[in-house]
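Participant: A single structure is presented below for examination.
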Amino acid sequence: MTTTVDSAHPDAAVADPLGTVIDEVIRPRSAIVDREGTFPRPGVDALAAAGLLGLASSTEVGGGGHGMRVVAEVVERLAAECGSTAMVVLMHYAATAVIEAHGPREVRAAIATGGHLATLAFSEYGSRSHFWSPTGTASTTDDGTVRLDARKSWVTSAGEANSYVWSSLPLSRDAGPMTLWLVPADSPGLTVTGDFDGLGLRGNGSRPMTADGLRVPSTAMMAADGAGLDTALGAVLPWFLVLNAAFCLGLADSAVAEACRHLTGTTLTHTGAALRDAPVPRRDLARLMIRTDALRAFLGDTLTALETGRDDAMLRVLQVKALAGETVADVTDGAMQLCGGSAFRRELGLERRFRDARAARVMAPTTDALHDFVGRVATGLPLFDEANR
């Protein structure tokens with residue numbers, strides 16, 4: 001497993017423009033994105049214009065050259081304000097990781113300068129959350145192009161991204177379990193086949209897509225035929241899992257902050273006491289803070305493990321999303337209870353964070369799958385049985 005990480009926190013060159021975009025575009029529109037289920041295009045475009053979508057791109061092609069630590073903090077800050085925008089950006093960075101490793105220079109340069117939004121297209125109807133077992137096919141045609149046929153069940157930014165990192169069965173049956181392709185959004189035969197009206201992350205554009213006789217050149221293959229699973233595990237999964245943990249941390253931290261503001265600023269008229277004056281709410285708030293701070297510490301240790309090449313880096317990467325998914329679910333649930341009836345009003349923003357947090361448990365690889373992976377690594381078993389590769 002290889003990846004690039006930063007040992008430093010974002011400097012003003014990242015933090016200042018990010019703060020401006022959040023203040024001027026993302027935060028004011030977060031409730032609208034959620035209520036109307038609209039793709040957060042103004043926020044994405046503002047992030048692109050500020051150079052923030054190219055943070056993980058190499059300086060060689062005009063990108064920021066930053067690694068996982070800086071990018072994780074960006075995702076965390078976005079998630080605290082708008083989960084939908086954060087998920088779109090998270091998937092863009094995860095796709096960028098494999099495009100940087102295996103994609104064409106012109107696409108890498110377009111991503112680096114903010115002119116290209118990318119995403120992953122892995123999950124399929126046939127194999128559901130088992131992204132490592134694609135059912136969509138790839139076949140060579142008479143004119144030398146490659147035909148792709150598949151029914152993708154969830155594609156973030158579907159119909160909005162400029163390109164899709166697309167998984168399929170390999171061209172050659174004995175090549176390996178999966179092959180990856182870079183599919184341009186304007187490819188004939190590629191269609192969005194449904195809408196998204198979900199519980200949370202309502203603006204992330206996660207919709208089904210179909211490839212029906214889609215043609216791409218053979219050069220669209222990323223890495224070797226059949227090497228897609230190794231590429232996904234080495235180049236994509238670390239970014240995806242760690243950034244998901246950062247996403248969860250942003251949601252949890254903002255929920256705790258909102259609960260703290262509520263306890264501090266709410267007074268009972270008939271007694272004159274603030275909610276914070278009662279020991280039980282203070283205790284409950286402390287528990288939420290400790291859970292959130294523990295996740296922050298674990299995420300920091302995961303990044304350090306990657307930075308230093310520790311032997312347990314892969315284990316930490318697998319653990320961190322599982323821990324984050326359970327933590328954010330519990331913390332947002334606790335914040336809702338702590339704030340009582342006020343939390344059910346949309347203007348407080350807690351119920352939106354509560355709903356957005358539910359996605360982490362079921363987003364592939366699911367928490368249950370990650371627990372199995374962690375158990376496999378801990379007991380010396382391979383991550384996948386040969387029958388599942």
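Ordering of the structure tokens sets the chain letters (A, B, ...); residue numbers start at 1 within each chain; ligands are numbered from 1 in the order shown.
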Show me, as a list in words, the residues that have an atom within 6 Å of region 185-191 of chain A when counting only C-alpha atoms, minus same-chain residues fewer than 6 positions from it.

Facilitator: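 Listing them by chain and then by number gives Asn162, Ser163, Met209, Thr210, Ala211, Asp212, Gly213 and Leu214 of chain A.
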
Participant: List every residue of region 177-216 of chain A that has an atom at most 8 Å from any atom of region 221-245 of chain A, and for each one report the closest atom pair and its distance in Å to one decimal, counting only C-alpha atoms, with rows sorted by chain and then by increasing residue number, as JSON lines.

Facilitator:
{"residue": "A:Pro177", "atom": "CA", "partner": "A:Gly226", "partner_atom": "CA", "distance": 5.6}
{"residue": "A:Met178", "atom": "CA", "partner": "A:Gly228", "partner_atom": "CA", "distance": 4.7}
{"residue": "A:Thr179", "atom": "CA", "partner": "A:Gly228", "partner_atom": "CA", "distance": 4.2}
{"residue": "A:Leu180", "atom": "CA", "partner": "A:Gly228", "partner_atom": "CA", "distance": 5.1}
{"residue": "A:Trp181", "atom": "CA", "partner": "A:Met221", "partner_atom": "CA", "distance": 4.5}
{"residue": "A:Leu182", "atom": "CA", "partner": "A:Met221", "partner_atom": "CA", "distance": 6.6}

Participant: Restricting the calculation to only C-alpha atoms, which member of A:Glu124, A:Asp301, A:Asp356, A:Glu76 is positioned closest to Ser168 (chain A)?

Facilitator: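 Nearest candidate to Ser168 (chain A) out of A:Glu124, A:Asp301, A:Asp356, A:Glu76: A:Glu124.
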
Participant: Write down as a PyMOL selection string the residues belonging to region 185-328 of chain A that are assigned strand (DSSP E) by DSSP computed on the backbone.

Facilitator: chain A and resi 190-192+207-216+221-222

Participant: Those selected residues, please, written with all heavy atoms and delivered as an mmCIF file, in the first residue's frame.

Facilitator:
data_model
loop_
_atom_site.group_PDB
_atom_site.id
_atom_site.type_symbol
_atom_site.label_atom_id
_atom_site.label_comp_id
_atom_site.auth_asym_id
_atom_site.auth_seq_id
_atom_site.Cartn_x
_atom_site.Cartn_y
_atom_site.Cartn_z
ATOM 1 N N LEU A 190 -23.149 5.954 -21.949
ATOM 2 C CA LEU A 190 -23.102 6.166 -20.503
ATOM 3 C C LEU A 190 -24.285 7.039 -20.097
ATOM 4 O O LEU A 190 -24.441 8.152 -20.590
ATOM 5 C CB LEU A 190 -21.793 6.845 -20.108
ATOM 6 C CG LEU A 190 -21.609 7.150 -18.613
ATOM 7 C CD1 LEU A 190 -21.563 5.869 -17.799
ATOM 8 C CD2 LEU A 190 -20.332 7.971 -18.400
ATOM 9 N N THR A 191 -25.135 6.540 -19.214
ATOM 10 C CA THR A 191 -26.320 7.286 -18.824
ATOM 11 C C THR A 191 -26.542 7.205 -17.317
ATOM 12 O O THR A 191 -26.183 6.213 -16.674
ATOM 13 C CB THR A 191 -27.593 6.758 -19.522
ATOM 14 O OG1 THR A 191 -27.726 5.349 -19.253
ATOM 15 C CG2 THR A 191 -27.526 6.985 -21.020
ATOM 16 N N VAL A 192 -27.123 8.266 -16.775
ATOM 17 C CA VAL A 192 -27.630 8.252 -15.404
ATOM 18 C C VAL A 192 -29.040 7.695 -15.454
ATOM 19 O O VAL A 192 -29.873 8.165 -16.237
ATOM 20 C CB VAL A 192 -27.631 9.673 -14.805
ATOM 21 C CG1 VAL A 192 -28.217 9.655 -13.392
ATOM 22 C CG2 VAL A 192 -26.216 10.243 -14.782
ATOM 23 N N ARG A 207 -26.213 8.563 -7.687
ATOM 24 C CA ARG A 207 -27.287 7.979 -8.493
ATOM 25 C C ARG A 207 -26.766 6.770 -9.277
ATOM 26 O O ARG A 207 -25.570 6.620 -9.481
ATOM 27 C CB ARG A 207 -27.821 9.037 -9.462
ATOM 28 C CG ARG A 207 -28.445 10.229 -8.760
ATOM 29 C CD ARG A 207 -29.017 11.231 -9.746
ATOM 30 N NE ARG A 207 -27.963 11.975 -10.435
ATOM 31 C CZ ARG A 207 -28.181 12.803 -11.451
ATOM 32 N NH1 ARG A 207 -29.401 12.973 -11.925
ATOM 33 N NH2 ARG A 207 -27.177 13.445 -12.023
ATOM 34 N N PRO A 208 -27.667 5.919 -9.732
ATOM 35 C CA PRO A 208 -27.249 4.778 -10.552
ATOM 36 C C PRO A 208 -26.852 5.230 -11.953
ATOM 37 O O PRO A 208 -27.402 6.203 -12.484
ATOM 38 C CB PRO A 208 -28.479 3.883 -10.580
ATOM 39 C CG PRO A 208 -29.629 4.781 -10.286
ATOM 40 C CD PRO A 208 -29.103 5.871 -9.411
ATOM 41 N N MET A 209 -25.909 4.514 -12.547
ATOM 42 C CA MET A 209 -25.474 4.774 -13.913
ATOM 43 C C MET A 209 -25.382 3.443 -14.661
ATOM 44 O O MET A 209 -25.090 2.402 -14.068
ATOM 45 C CB MET A 209 -24.120 5.481 -13.950
ATOM 46 C CG MET A 209 -24.112 6.844 -13.293
ATOM 47 S SD MET A 209 -22.557 7.750 -13.579
ATOM 48 C CE MET A 209 -22.801 8.289 -15.271
ATOM 49 N N THR A 210 -25.605 3.524 -15.955
ATOM 50 C CA THR A 210 -25.544 2.337 -16.801
ATOM 51 C C THR A 210 -24.579 2.570 -17.956
ATOM 52 O O THR A 210 -24.588 3.641 -18.578
ATOM 53 C CB THR A 210 -26.937 2.000 -17.369
ATOM 54 O OG1 THR A 210 -27.806 1.643 -16.292
ATOM 55 C CG2 THR A 210 -26.863 0.833 -18.343
ATOM 56 N N ALA A 211 -23.766 1.572 -18.210
ATOM 57 C CA ALA A 211 -22.965 1.540 -19.430
ATOM 58 C C ALA A 211 -23.582 0.488 -20.334
ATOM 59 O O ALA A 211 -23.631 -0.692 -19.987
ATOM 60 C CB ALA A 211 -21.514 1.184 -19.122
ATOM 61 N N ASP A 212 -24.067 0.930 -21.483
ATOM 62 C CA ASP A 212 -24.707 0.027 -22.437
ATOM 63 C C ASP A 212 -23.985 0.174 -23.776
ATOM 64 O O ASP A 212 -24.255 1.082 -24.545
ATOM 65 C CB ASP A 212 -26.184 0.392 -22.578
ATOM 66 C CG ASP A 212 -26.940 -0.582 -23.473
ATOM 67 O OD1 ASP A 212 -26.340 -1.586 -23.898
ATOM 68 O OD2 ASP A 212 -28.122 -0.325 -23.761
ATOM 69 N N GLY A 213 -23.041 -0.723 -24.006
ATOM 70 C CA GLY A 213 -22.229 -0.609 -25.206
ATOM 71 C C GLY A 213 -21.323 0.599 -25.207
ATOM 72 O O GLY A 213 -20.975 1.127 -26.269
ATOM 73 N N LEU A 214 -20.933 1.041 -24.027
ATOM 74 C CA LEU A 214 -20.030 2.187 -23.903
ATOM 75 C C LEU A 214 -18.670 1.839 -24.509
ATOM 76 O O LEU A 214 -18.131 0.767 -24.234
ATOM 77 C CB LEU A 214 -19.895 2.557 -22.433
ATOM 78 C CG LEU A 214 -19.150 3.828 -22.030
ATOM 79 C CD1 LEU A 214 -19.634 4.283 -20.657
ATOM 80 C CD2 LEU A 214 -17.640 3.624 -21.982
ATOM 81 N N ARG A 215 -18.123 2.711 -25.323
ATOM 82 C CA ARG A 215 -16.824 2.451 -25.950
ATOM 83 C C ARG A 215 -15.774 3.407 -25.402
ATOM 84 O O ARG A 215 -15.999 4.622 -25.317
ATOM 85 C CB ARG A 215 -16.918 2.642 -27.466
ATOM 86 C CG ARG A 215 -17.946 1.762 -28.162
ATOM 87 C CD ARG A 215 -17.588 0.288 -28.098
ATOM 88 N NE ARG A 215 -18.545 -0.537 -28.824
ATOM 89 C CZ ARG A 215 -18.411 -0.890 -30.100
ATOM 90 N NH1 ARG A 215 -17.368 -0.474 -30.802
ATOM 91 N NH2 ARG A 215 -19.323 -1.654 -30.677
ATOM 92 N N VAL A 216 -14.639 2.855 -25.035
ATOM 93 C CA VAL A 216 -13.477 3.652 -24.645
ATOM 94 C C VAL A 216 -12.264 3.096 -25.384
ATOM 95 O O VAL A 216 -12.230 1.917 -25.754
ATOM 96 C CB VAL A 216 -13.225 3.606 -23.119
ATOM 97 C CG1 VAL A 216 -14.334 4.304 -22.352
ATOM 98 C CG2 VAL A 216 -13.034 2.171 -22.635
ATOM 99 N N MET A 221 -7.517 2.090 -20.079
ATOM 100 C CA MET A 221 -7.221 1.157 -18.997
ATOM 101 C C MET A 221 -6.226 1.785 -18.029
ATOM 102 O O MET A 221 -5.227 2.374 -18.441
ATOM 103 C CB MET A 221 -6.645 -0.149 -19.549
ATOM 104 C CG MET A 221 -6.392 -1.205 -18.480
ATOM 105 S SD MET A 221 -5.537 -2.677 -19.151
ATOM 106 C CE MET A 221 -6.818 -3.340 -20.229
ATOM 107 N N MET A 222 -6.506 1.663 -16.742
ATOM 108 C CA MET A 222 -5.630 2.195 -15.701
ATOM 109 C C MET A 222 -4.915 1.031 -15.025
ATOM 110 O O MET A 222 -5.546 0.172 -14.426
ATOM 111 C CB MET A 222 -6.437 3.014 -14.701
ATOM 112 C CG MET A 222 -7.254 4.117 -15.376
ATOM 113 S SD MET A 222 -8.230 5.096 -14.232
ATOM 114 C CE MET A 222 -6.944 6.121 -13.541
#

Participant: Enter the distance from CA of Phe373 (chain A) to CA of Thr327 (chain A), in Å, rounded to one decimal.

Facilitator: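 That distance, rounded to one decimal, is 18.7 Å.
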